[in-house]
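Text of start_11.cif (mmCIF, C-alpha atoms) as supplied:
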```cif
data_data
loop_
_atom_site.label_atom_id
_atom_site.label_comp_id
_atom_site.auth_asym_id
_atom_site.auth_seq_id
_atom_site.Cartn_x
_atom_site.Cartn_y
_atom_site.Cartn_z
CA MET A 1 187.73 143.86 96.54
CA ALA A 2 189.66 145.05 93.50
CA GLY A 3 187.69 146.53 90.63
CA THR A 4 186.52 149.68 88.91
CA PHE A 5 183.19 151.23 89.78
CA ILE A 6 180.87 154.02 88.68
CA LEU A 7 179.78 156.06 91.69
CA ARG A 8 176.67 158.22 91.46
CA ASP A 9 175.72 160.74 94.14
CA ASP A 10 172.35 162.41 93.62
CA GLY A 11 172.51 164.33 96.90
CA GLU A 12 170.30 161.87 98.70
CA ARG A 13 172.12 158.57 98.34
CA LEU A 14 175.18 156.92 96.84
CA ARG A 15 174.77 154.28 94.15
CA LEU A 16 177.48 152.32 92.40
CA LYS A 17 177.96 149.67 89.76
CA GLU A 18 181.02 147.80 88.57
CA ILE A 19 182.30 148.70 85.10
CA LYS A 20 184.54 146.88 82.65
CA ILE A 21 187.16 149.36 81.45
CA PHE A 22 189.00 148.97 78.14
CA ASP A 23 192.32 150.75 77.73
CA ASN A 24 192.09 150.71 73.95
CA PRO A 25 189.22 151.05 71.46
CA HIS A 26 189.62 147.51 70.10
CA GLY A 27 188.06 145.91 73.17
CA LEU A 28 185.13 148.30 73.14
CA LYS A 29 184.63 147.69 69.41
CA LEU A 30 183.97 144.00 70.14
CA ILE A 31 180.79 144.79 72.06
CA LEU A 32 179.50 147.60 69.83
CA ASP A 33 178.50 145.30 66.99
CA ASP A 34 174.67 145.26 66.76
CA LEU A 35 174.29 141.52 67.33
CA SER A 36 176.87 141.47 70.14
CA TRP A 37 174.99 144.28 71.85
CA LYS A 38 171.66 142.42 71.58
CA ILE A 39 173.28 139.31 73.05
CA LEU A 40 174.76 141.34 75.92
CA CYS A 41 171.37 142.85 76.75
CA MET A 42 169.75 139.40 76.79
CA LEU A 43 172.46 137.92 79.00
CA TYR A 44 172.14 140.78 81.47
CA GLU A 45 168.49 139.88 82.06
CA LYS A 46 169.11 136.16 82.62
CA GLU A 47 171.57 133.35 81.92
CA LEU A 48 171.09 131.64 78.55
CA TYR A 49 172.79 129.11 76.31
CA PRO A 50 173.52 129.95 72.65
CA LEU A 51 170.68 127.92 71.09
CA GLU A 52 168.14 129.85 73.19
CA ILE A 53 169.66 133.15 72.07
CA ALA A 54 169.66 132.08 68.42
CA LYS A 55 165.97 131.09 68.53
CA THR A 56 164.98 134.34 70.23
CA LEU A 57 166.90 136.53 67.78
CA GLY A 58 166.06 134.43 64.73
CA VAL A 59 169.68 133.95 63.67
CA HIS A 60 171.85 130.89 63.01
CA GLU A 61 173.28 129.24 66.12
CA GLN A 62 176.85 129.33 64.75
CA LYS A 63 176.59 133.09 64.38
CA VAL A 64 175.66 133.38 68.06
CA TYR A 65 178.59 131.13 69.03
CA TYR A 66 180.94 133.36 67.04
CA HIS A 67 179.82 136.52 68.84
CA ILE A 68 179.80 134.90 72.27
CA LYS A 69 183.36 133.67 71.70
CA LYS A 70 184.39 137.29 71.04
CA LEU A 71 182.54 138.53 74.12
CA VAL A 72 184.16 135.90 76.33
CA LYS A 73 187.58 136.84 74.97
CA ALA A 74 186.85 140.50 75.77
CA GLY A 75 186.00 139.51 79.34
CA VAL A 76 182.45 140.87 79.28
CA VAL A 77 180.58 137.53 79.20
CA THR A 78 181.26 134.51 81.37
CA VAL A 79 180.05 130.91 81.80
CA VAL A 80 177.92 130.63 84.94
CA ARG A 81 176.92 126.97 84.75
CA ARG A 82 176.92 123.85 82.60
CA GLU A 83 174.01 121.51 81.99
CA GLU A 84 173.65 118.25 80.08
CA ARG A 85 171.10 118.59 77.28
CA LYS A 86 170.38 115.81 74.75
CA GLY A 87 173.72 114.13 75.33
CA ALA A 88 175.77 117.32 75.08
CA ILE A 89 176.95 119.90 77.62
CA ALA A 90 175.22 123.25 77.24
CA LYS A 91 177.10 126.25 78.58
CA TYR A 92 174.98 129.00 80.12
CA TYR A 93 176.37 132.54 79.82
CA ARG A 94 175.78 135.79 81.69
CA THR A 95 177.20 139.28 81.37
CA ALA A 96 180.11 139.84 83.74
CA PHE A 97 179.56 143.60 84.14
CA PRO A 98 176.57 145.97 84.02
CA ALA A 99 178.62 148.77 82.37
CA PHE A 100 181.46 149.18 79.86
CA GLY A 101 183.76 152.07 79.11
CA LEU A 102 186.98 153.36 77.59
CA GLU A 103 189.39 155.06 79.99
CA LEU A 104 192.02 157.67 79.29
CA PRO A 105 195.07 157.38 81.61
CA TYR A 106 194.45 160.51 83.71
CA GLY A 107 191.81 162.41 85.69
CA TYR A 108 191.65 160.57 89.01
CA ARG A 109 191.12 162.66 92.15
CA SER A 110 191.06 161.80 95.82
CA VAL A 111 187.75 161.55 97.68
CA ASP A 112 187.12 161.94 101.39
CA ARG A 113 184.75 159.01 101.72
CA PHE A 114 183.97 155.96 99.69
CA PRO A 115 181.60 153.10 100.48
CA LEU A 116 182.89 149.63 101.20
CA LEU A 117 183.02 147.64 97.99
CA GLY A 118 182.14 143.97 97.95
CA TYR A 119 181.00 143.97 101.57
CA ASP A 120 177.50 142.72 100.81
CA LEU A 121 177.49 140.37 103.80
CA VAL A 122 178.21 143.02 106.42
CA LYS A 123 175.78 145.39 104.71
CA SER A 124 173.06 142.75 104.95
CA PHE A 125 173.86 142.33 108.66
CA PHE A 126 173.16 146.05 109.15
CA ALA A 127 170.34 146.18 106.56
CA GLU A 128 167.64 147.30 108.99
CA PHE A 129 169.93 150.07 110.23
CA ILE A 130 170.23 151.77 106.82
CA ASP A 131 167.27 153.77 105.51
CA GLU A 132 166.18 154.26 101.88
CA ASN A 133 168.53 157.25 101.57
CA GLY A 134 171.54 155.27 102.77
CA CYS A 135 171.64 156.95 106.20
CA PHE A 136 172.19 155.14 109.48
CA SER A 137 168.79 154.56 111.07
CA GLY A 138 169.01 153.64 114.73
CA LYS A 139 170.87 154.33 117.94
CA ILE A 140 174.23 153.11 119.20
CA VAL A 141 173.87 152.76 122.96
CA VAL A 142 176.79 152.79 125.39
CA GLY A 143 176.88 152.62 129.16
CA SER A 144 176.96 155.79 131.24
CA PRO A 145 180.42 156.70 132.62
CA LEU A 146 178.76 157.49 135.98
CA PRO A 147 177.84 154.84 138.57
CA HIS A 148 174.38 153.56 137.63
CA GLY A 149 172.12 150.54 137.54
CA PRO A 150 171.89 147.61 139.97
CA PHE A 151 175.63 146.97 139.62
CA ARG A 152 176.41 150.64 140.36
CA THR A 153 179.15 150.52 137.75
CA SER A 154 180.82 153.17 135.61
CA ALA A 155 181.15 152.09 131.99
CA ARG A 156 184.70 151.78 130.70
CA ASP A 157 183.89 150.34 127.29
CA GLY A 158 181.79 153.09 125.68
CA HIS A 159 184.71 154.48 123.70
CA TYR A 160 184.84 151.27 121.65
CA ALA A 161 181.70 152.54 119.91
CA SER A 162 183.88 155.15 118.19
CA HIS A 163 185.77 152.43 116.33
CA LEU A 164 182.48 150.79 115.40
CA THR A 165 181.01 154.02 114.02
CA PHE A 166 184.09 154.58 111.81
CA PHE A 167 183.43 151.13 110.37
CA ILE A 168 179.68 151.67 109.83
CA GLY A 169 180.39 155.06 108.28
CA GLN A 170 182.13 153.37 105.36
CA PHE A 171 178.87 151.97 103.96
CA CYS A 172 176.15 154.36 105.14
CA ARG A 173 175.72 158.09 105.58
CA MET A 174 175.79 160.02 108.79
CA PRO A 175 172.30 160.69 110.24
CA ARG A 176 171.15 164.22 111.00
CA GLU A 177 170.70 163.51 114.72
CA PHE A 178 173.32 162.15 117.09
CA ALA A 179 173.29 158.37 116.79
CA ILE A 180 175.22 157.55 119.98
CA LYS A 181 173.28 157.63 123.24
CA LEU A 182 173.92 156.73 126.86
CA ASP A 183 171.88 153.85 128.18
CA VAL A 184 170.31 156.05 130.88
CA ASP A 185 169.18 158.58 128.25
CA VAL A 186 167.63 155.92 126.02
CA LYS A 187 165.61 154.59 128.93
CA ALA A 188 164.59 158.04 130.09
CA GLU A 189 163.51 159.11 126.60
CA LYS A 190 161.86 155.72 125.95
CA GLU A 191 163.77 155.16 122.71
CA GLU A 192 163.80 151.38 123.09
CA LYS A 193 161.45 151.11 120.08
CA ASN A 194 164.25 151.64 117.61
CA ASN A 195 167.01 149.77 115.84
CA LEU A 196 169.66 149.56 118.54
CA VAL A 197 173.34 148.65 118.63
CA LEU A 198 174.24 147.93 122.24
CA VAL A 199 177.91 148.23 123.15
CA GLY A 200 178.86 146.85 126.57
CA GLY A 201 177.77 144.01 128.82
CA PRO A 202 174.88 144.02 131.32
CA GLY A 203 177.17 145.23 134.09
CA THR A 204 177.67 148.57 132.33
CA ASN A 205 174.83 148.88 129.82
CA LEU A 206 171.27 148.85 131.15
CA LEU A 207 169.82 148.04 127.72
CA THR A 208 172.02 144.95 127.39
CA GLN A 209 170.79 143.96 130.83
CA GLU A 210 167.15 144.29 129.75
CA ILE A 211 167.66 142.41 126.48
CA ASN A 212 169.67 139.62 128.13
CA ASN A 213 166.80 137.11 128.39
CA TYR A 214 166.17 137.41 124.64
CA LEU A 215 169.76 136.58 123.67
CA PRO A 216 170.64 133.11 122.28
CA VAL A 217 173.64 133.08 124.65
CA ARG A 218 172.97 134.89 127.93
CA PHE A 219 174.88 136.49 130.73
CA ASN A 220 174.44 134.89 134.15
CA ILE A 221 173.08 137.67 136.37
CA MET A 222 172.87 136.50 139.97
CA PRO A 223 171.47 138.40 142.99
CA SER A 224 173.65 138.56 146.09
CA ASP A 225 173.89 140.39 149.39
CA GLN A 226 176.00 143.02 147.65
CA GLY A 227 173.42 143.52 144.88
CA PHE A 228 174.08 141.59 141.66
CA LEU A 229 176.94 139.47 140.37
CA LEU A 230 177.85 138.45 136.84
CA GLY A 231 178.66 134.79 136.35
CA GLY A 232 179.86 134.70 132.76
CA LEU A 233 178.11 133.78 129.53
CA ALA A 234 175.95 130.64 129.49
CA SER A 235 175.13 128.80 126.28
CA PRO A 236 171.88 126.79 126.29
CA LYS A 237 173.03 125.04 123.10
CA THR A 238 176.32 123.62 124.41
CA GLY A 239 175.86 123.96 128.17
CA GLN A 240 179.17 125.82 128.35
CA VAL A 241 179.70 128.76 130.69
CA TYR A 242 182.36 131.21 129.51
CA THR A 243 183.85 133.25 132.35
CA ALA A 244 187.06 134.69 130.86
CA ASP A 245 187.24 138.49 130.85
CA THR A 246 188.17 138.48 127.16
CA VAL A 247 185.04 136.59 126.08
CA GLY A 248 181.97 138.29 124.64
CA ILE A 249 179.06 137.85 122.25
CA ILE A 250 178.04 139.38 118.93
CA ALA A 251 174.30 138.88 118.58
CA LYS A 252 171.42 140.14 116.48
CA VAL A 253 167.84 139.63 117.62
CA VAL A 254 164.36 141.03 117.09
CA ASN A 255 163.69 144.07 119.27
CA PRO A 256 161.26 142.79 121.95
CA TRP A 257 159.73 146.27 122.27
CA ASP A 258 159.08 146.53 118.51
CA SER A 259 159.15 143.39 116.35
CA GLY A 260 159.78 145.49 113.25
CA LYS A 261 163.15 146.63 114.63
CA ARG A 262 166.40 144.81 115.38
CA ILE A 263 169.01 144.88 118.14
CA ILE A 264 172.69 144.12 117.67
CA VAL A 265 174.66 143.39 120.84
CA LEU A 266 178.44 143.64 121.23
CA ALA A 267 179.06 142.75 124.83
CA GLY A 268 181.81 141.13 126.87
CA ASN A 269 182.17 139.75 130.37
CA LYS A 270 184.44 142.71 130.98
CA ALA A 271 185.48 145.77 128.96
CA VAL A 272 188.24 143.82 127.20
CA GLY A 273 185.62 141.29 126.07
CA THR A 274 183.54 144.09 124.56
CA LYS A 275 186.68 145.32 122.79
CA ALA A 276 187.15 141.82 121.35
CA CYS A 277 183.58 141.89 119.99
CA VAL A 278 184.04 145.26 118.29
CA LEU A 279 187.37 144.13 116.85
CA ALA A 280 185.79 140.89 115.62
CA LEU A 281 182.96 142.63 113.75
CA THR A 282 185.04 145.45 112.27
CA GLY A 283 188.20 143.51 111.45
CA PHE A 284 187.13 139.90 110.92
CA TRP A 285 183.53 140.29 109.72
CA GLU A 286 183.83 137.77 106.87
CA LYS A 287 184.64 135.01 109.35
CA ILE A 288 182.25 136.23 112.05
CA LEU A 289 179.23 136.61 109.74
CA GLU A 290 179.78 133.44 107.74
CA GLY A 291 176.42 131.67 107.48
CA TYR A 292 174.44 134.73 108.56
CA ASP A 293 170.71 134.36 107.84
CA CYS A 294 168.52 137.43 108.29
CA ARG A 295 165.53 135.17 109.07
CA GLU A 296 167.08 133.80 112.25
CA SER A 297 168.58 135.13 115.47
CA PHE A 298 172.35 135.37 115.16
CA VAL A 299 175.03 134.87 117.79
CA ARG A 300 178.77 134.29 117.95
CA VAL A 301 180.79 133.82 121.11
CA VAL A 302 184.27 135.25 120.59
CA GLN A 303 187.43 135.43 122.65
CA GLY A 304 190.01 138.16 122.34
CA LEU A 305 193.62 137.16 121.74
CA ASP A 306 196.93 138.92 122.29
CA LEU A 307 199.02 137.53 119.46
CA ASN A 308 201.89 140.02 119.57
CA GLY A 309 202.35 139.76 123.33
CA ASP A 310 201.93 143.45 124.17
CA GLY A 311 199.15 142.86 126.68
CA LYS A 312 196.41 144.15 124.36
CA VAL A 313 193.76 142.27 122.40
CA ASP A 314 194.69 142.34 118.70
CA SER A 315 192.88 139.32 117.30
CA VAL A 316 189.93 137.05 118.03
CA GLU A 317 188.74 133.49 117.72
CA ILE A 318 185.21 132.15 117.53
CA ILE A 319 184.57 129.70 120.34
CA GLU A 320 180.89 129.16 119.56
#
```

Could I get this file's structure written as structure tokens?
Amino acid sequence: MAGTFILRDDGERLRLKEIKIFDNPHGLKLILDDLSWKILCMLYEKELYPLEIAKTLGVHEQKVYYHIKKLVKAGVVTVVRREERKGAIAKYYRTAFPAFGLELPYGYRSVDRFPLLGYDLVKSFFAEFIDENGCFSGKIVVGSPLPHGPFRTSARDGHYASHLTFFIGQFCRMPREFAIKLDVDVKAEKEEKNNLVLVGGPGTNLLTQEINNYLPVRFNIMPSDQGFLLGGLASPKTGQVYTADTVGIIAKVVNPWDSGKRIIVLAGNKAVGTKACVLALTGFWEKILEGYDCRESFVRVVQGLDLNGDGKVDSVEIIE
């Protein structure tokens, strides 16, 4: 998202707002007139049409139109909607920016970290995982690299969490304690009552295995003489069973151990499916999270694709 922003860091959290920058004093002069400034302040609070502004300020309507025309030309006020009123079309205006400034052409410096701008959708998806100070609040759980669980498997997909944490680190601060845990440690320390991001399918991640029955699309876990077998992902909604190694789910559900917490699951039929899920959320989040509603359980079934033919997943498609 292109734009100019004011960034404030008070030591506890980062806050930012978009600012309209003028490169000459003429543009700034347009908004510093007393009446223009009063109009701007009114339009920041709510959208209004000129007659409403004129009545509130006790000035002639034509005078308000004159100032609004200047403000629109300066790019600081914009039309947000139109409505028919008494046979005419009333234009409702709102301020386009919460700050204005004049910039001299020097003084920029590089910064080590900057929050994602314009990524409100992905921030809302992780809302419960960010505390009031902007720090990550939860645990990212990966499977143990040692043989464990009923499948006696060694996780080979835990390293994908590193890519995920780089992504999350762009819009929230690092917590004081280690955020990444092994599934066996979470169970042993009884940390299930937390916001959890589970990376890896039920074959490698014991927490994914335990949460499986609460997922909108579930892994088929079948007992056998050899222990347990995985039979792909089954969708109650469509009746489809997805068995390809490159298929996985991105899901967000209420934590069954604590209804005030949430669990996000990135899990594939195999390690490559988990990779596809991480790639989908970090690289194609606008498409993946389209239609996300925090009031409902969320799930997407994705399939990894190898578009450049090098044998590695580099893109994804949503199959449900």

Starting from the shown file, work through the PyMOL selection byres ((chain A and resi 128-141) around 8) and note down what comes out as a PyMOL selection string.
chain A and resi 12-14+125-127+142-143+161+172-175+179-183+186+194-199+205+207+261-262

What does the PyMOL selection byres ((chain A and resi 274-291) around 7) select in this file, as a list in words?
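Output from the PyMOL selection byres ((chain A and resi 274-291) around 7), applied to this file: Val122, Asp157, Tyr160, Leu164, Phe167, Gly200, Thr246, Gly248, Ile249, Ile250, Leu266, Ala267, Gly268, Lys270, Ala271, Val272, Gly273, Tyr292, Asp293, Val302, Gln303, Gly304, Val313 and Val316 of chain A.
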
For a quick check of understanding, using all atoms listed in the file, which of A:Ala99, A:Ile6, A:Leu206, A:Cys41 has the smallest distance to A:Ala155?
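Among A:Ala99, A:Ile6, A:Leu206, A:Cys41, it is A:Leu206 that comes nearest to A:Ala155.
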
Using all atoms listed in the file, which protein or nucleic acid residues come within 10 Å of A:Asn220? Drop anything in the same chain fewer than 2 positions from it, and give the result as a PyMOL selection string.
chain A and resi 202+212-213+217-218+222-223+229-235+241-243+269

For the residues selected in the previous step, produce a file with C-alpha atoms as a short mmCIF file (atom, residue, chain, number, x, y, z; two decimals), keeping the file's coordinate frame.
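Saved to result23.cif:
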```
data_model
loop_
_atom_site.label_atom_id
_atom_site.label_comp_id
_atom_site.auth_asym_id
_atom_site.auth_seq_id
_atom_site.Cartn_x
_atom_site.Cartn_y
_atom_site.Cartn_z
CA PRO A 202 174.88 144.02 131.32
CA ASN A 212 169.67 139.62 128.13
CA ASN A 213 166.80 137.11 128.39
CA VAL A 217 173.64 133.08 124.65
CA ARG A 218 172.97 134.89 127.93
CA MET A 222 172.87 136.50 139.97
CA PRO A 223 171.47 138.40 142.99
CA LEU A 229 176.94 139.47 140.37
CA LEU A 230 177.85 138.45 136.84
CA GLY A 231 178.66 134.79 136.35
CA GLY A 232 179.86 134.70 132.76
CA LEU A 233 178.11 133.78 129.53
CA ALA A 234 175.95 130.64 129.49
CA SER A 235 175.13 128.80 126.28
CA VAL A 241 179.70 128.76 130.69
CA TYR A 242 182.36 131.21 129.51
CA THR A 243 183.85 133.25 132.35
CA ASN A 269 182.17 139.75 130.37
#
```

Closest of A:Leu40, A:Leu51, A:Leu35, A:Leu121 to A:Lys91 - atom-to-atom distances counting all atoms listed in the file
A:Leu51

For this file, the PyMOL selection byres ((chain A and resi 27) around 10) selects which residues, as a list in words?
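Selected by the PyMOL selection byres ((chain A and resi 27) around 10) in this file: Ile21, Phe22, Asp23, Asn24, Pro25, His26, Leu28, Lys29, Leu30, Ile31, Leu32, Lys70, Leu71, Lys73, Ala74, Gly75, Val76, Phe100, Gly101 and Leu102 of chain A.
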
Polymer residues at most 8 Å from A:Phe5, all atoms listed in the file, same-chain spacing of 3 or more positions, as a PyMOL selection string:
chain A and resi 16-19

Å distance separating atom CA of A:Tyr214 from atom CA of A:Asp258, one decimal place
13.1 Å

Determine the nearest neighbour of A:Phe219 from the options A:Val301, A:Val59, A:Ile168, A:Val79, counting all atoms listed in the file.
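Among A:Val301, A:Val59, A:Ile168, A:Val79, it is A:Val301 that comes nearest to A:Phe219.
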
So, with all atoms listed in the file as the atoms that count, which of A:Val253, A:Leu104, A:Leu146, A:Ala244 lies closest to A:Ile211?
A:Val253

Which value, in Å to one decimal, gives the distance between atom CA of A:Phe166 and atom CA of A:Asp314?
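Here the two named atoms are 17.6 Å from each other.
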
Could you name the residues that touch A:Lys46 at 10 Å or less, counting all atoms listed in the file, but leaving out those on the same chain fewer than 4 positions away, as a list in words?
Cys41, Met42, Tyr92, Tyr93, Arg94 and Thr95 of chain A

Computed interatomic separation between atom CA of A:Asp120 and atom CA of A:His159 (Å)
26.7 Å

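Distances to A:Pro236 were evaluated for A:Ala188, A:Lys38, A:Glu320, A:Glu210 using only C-alpha atoms, and the minimum falls at A:Glu320.
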
Could you tell me which of A:Lys20, A:Lys252, A:Arg156, A:Arg15 comes closest to A:Glu296 if we count all atoms listed in the file?
A:Lys252
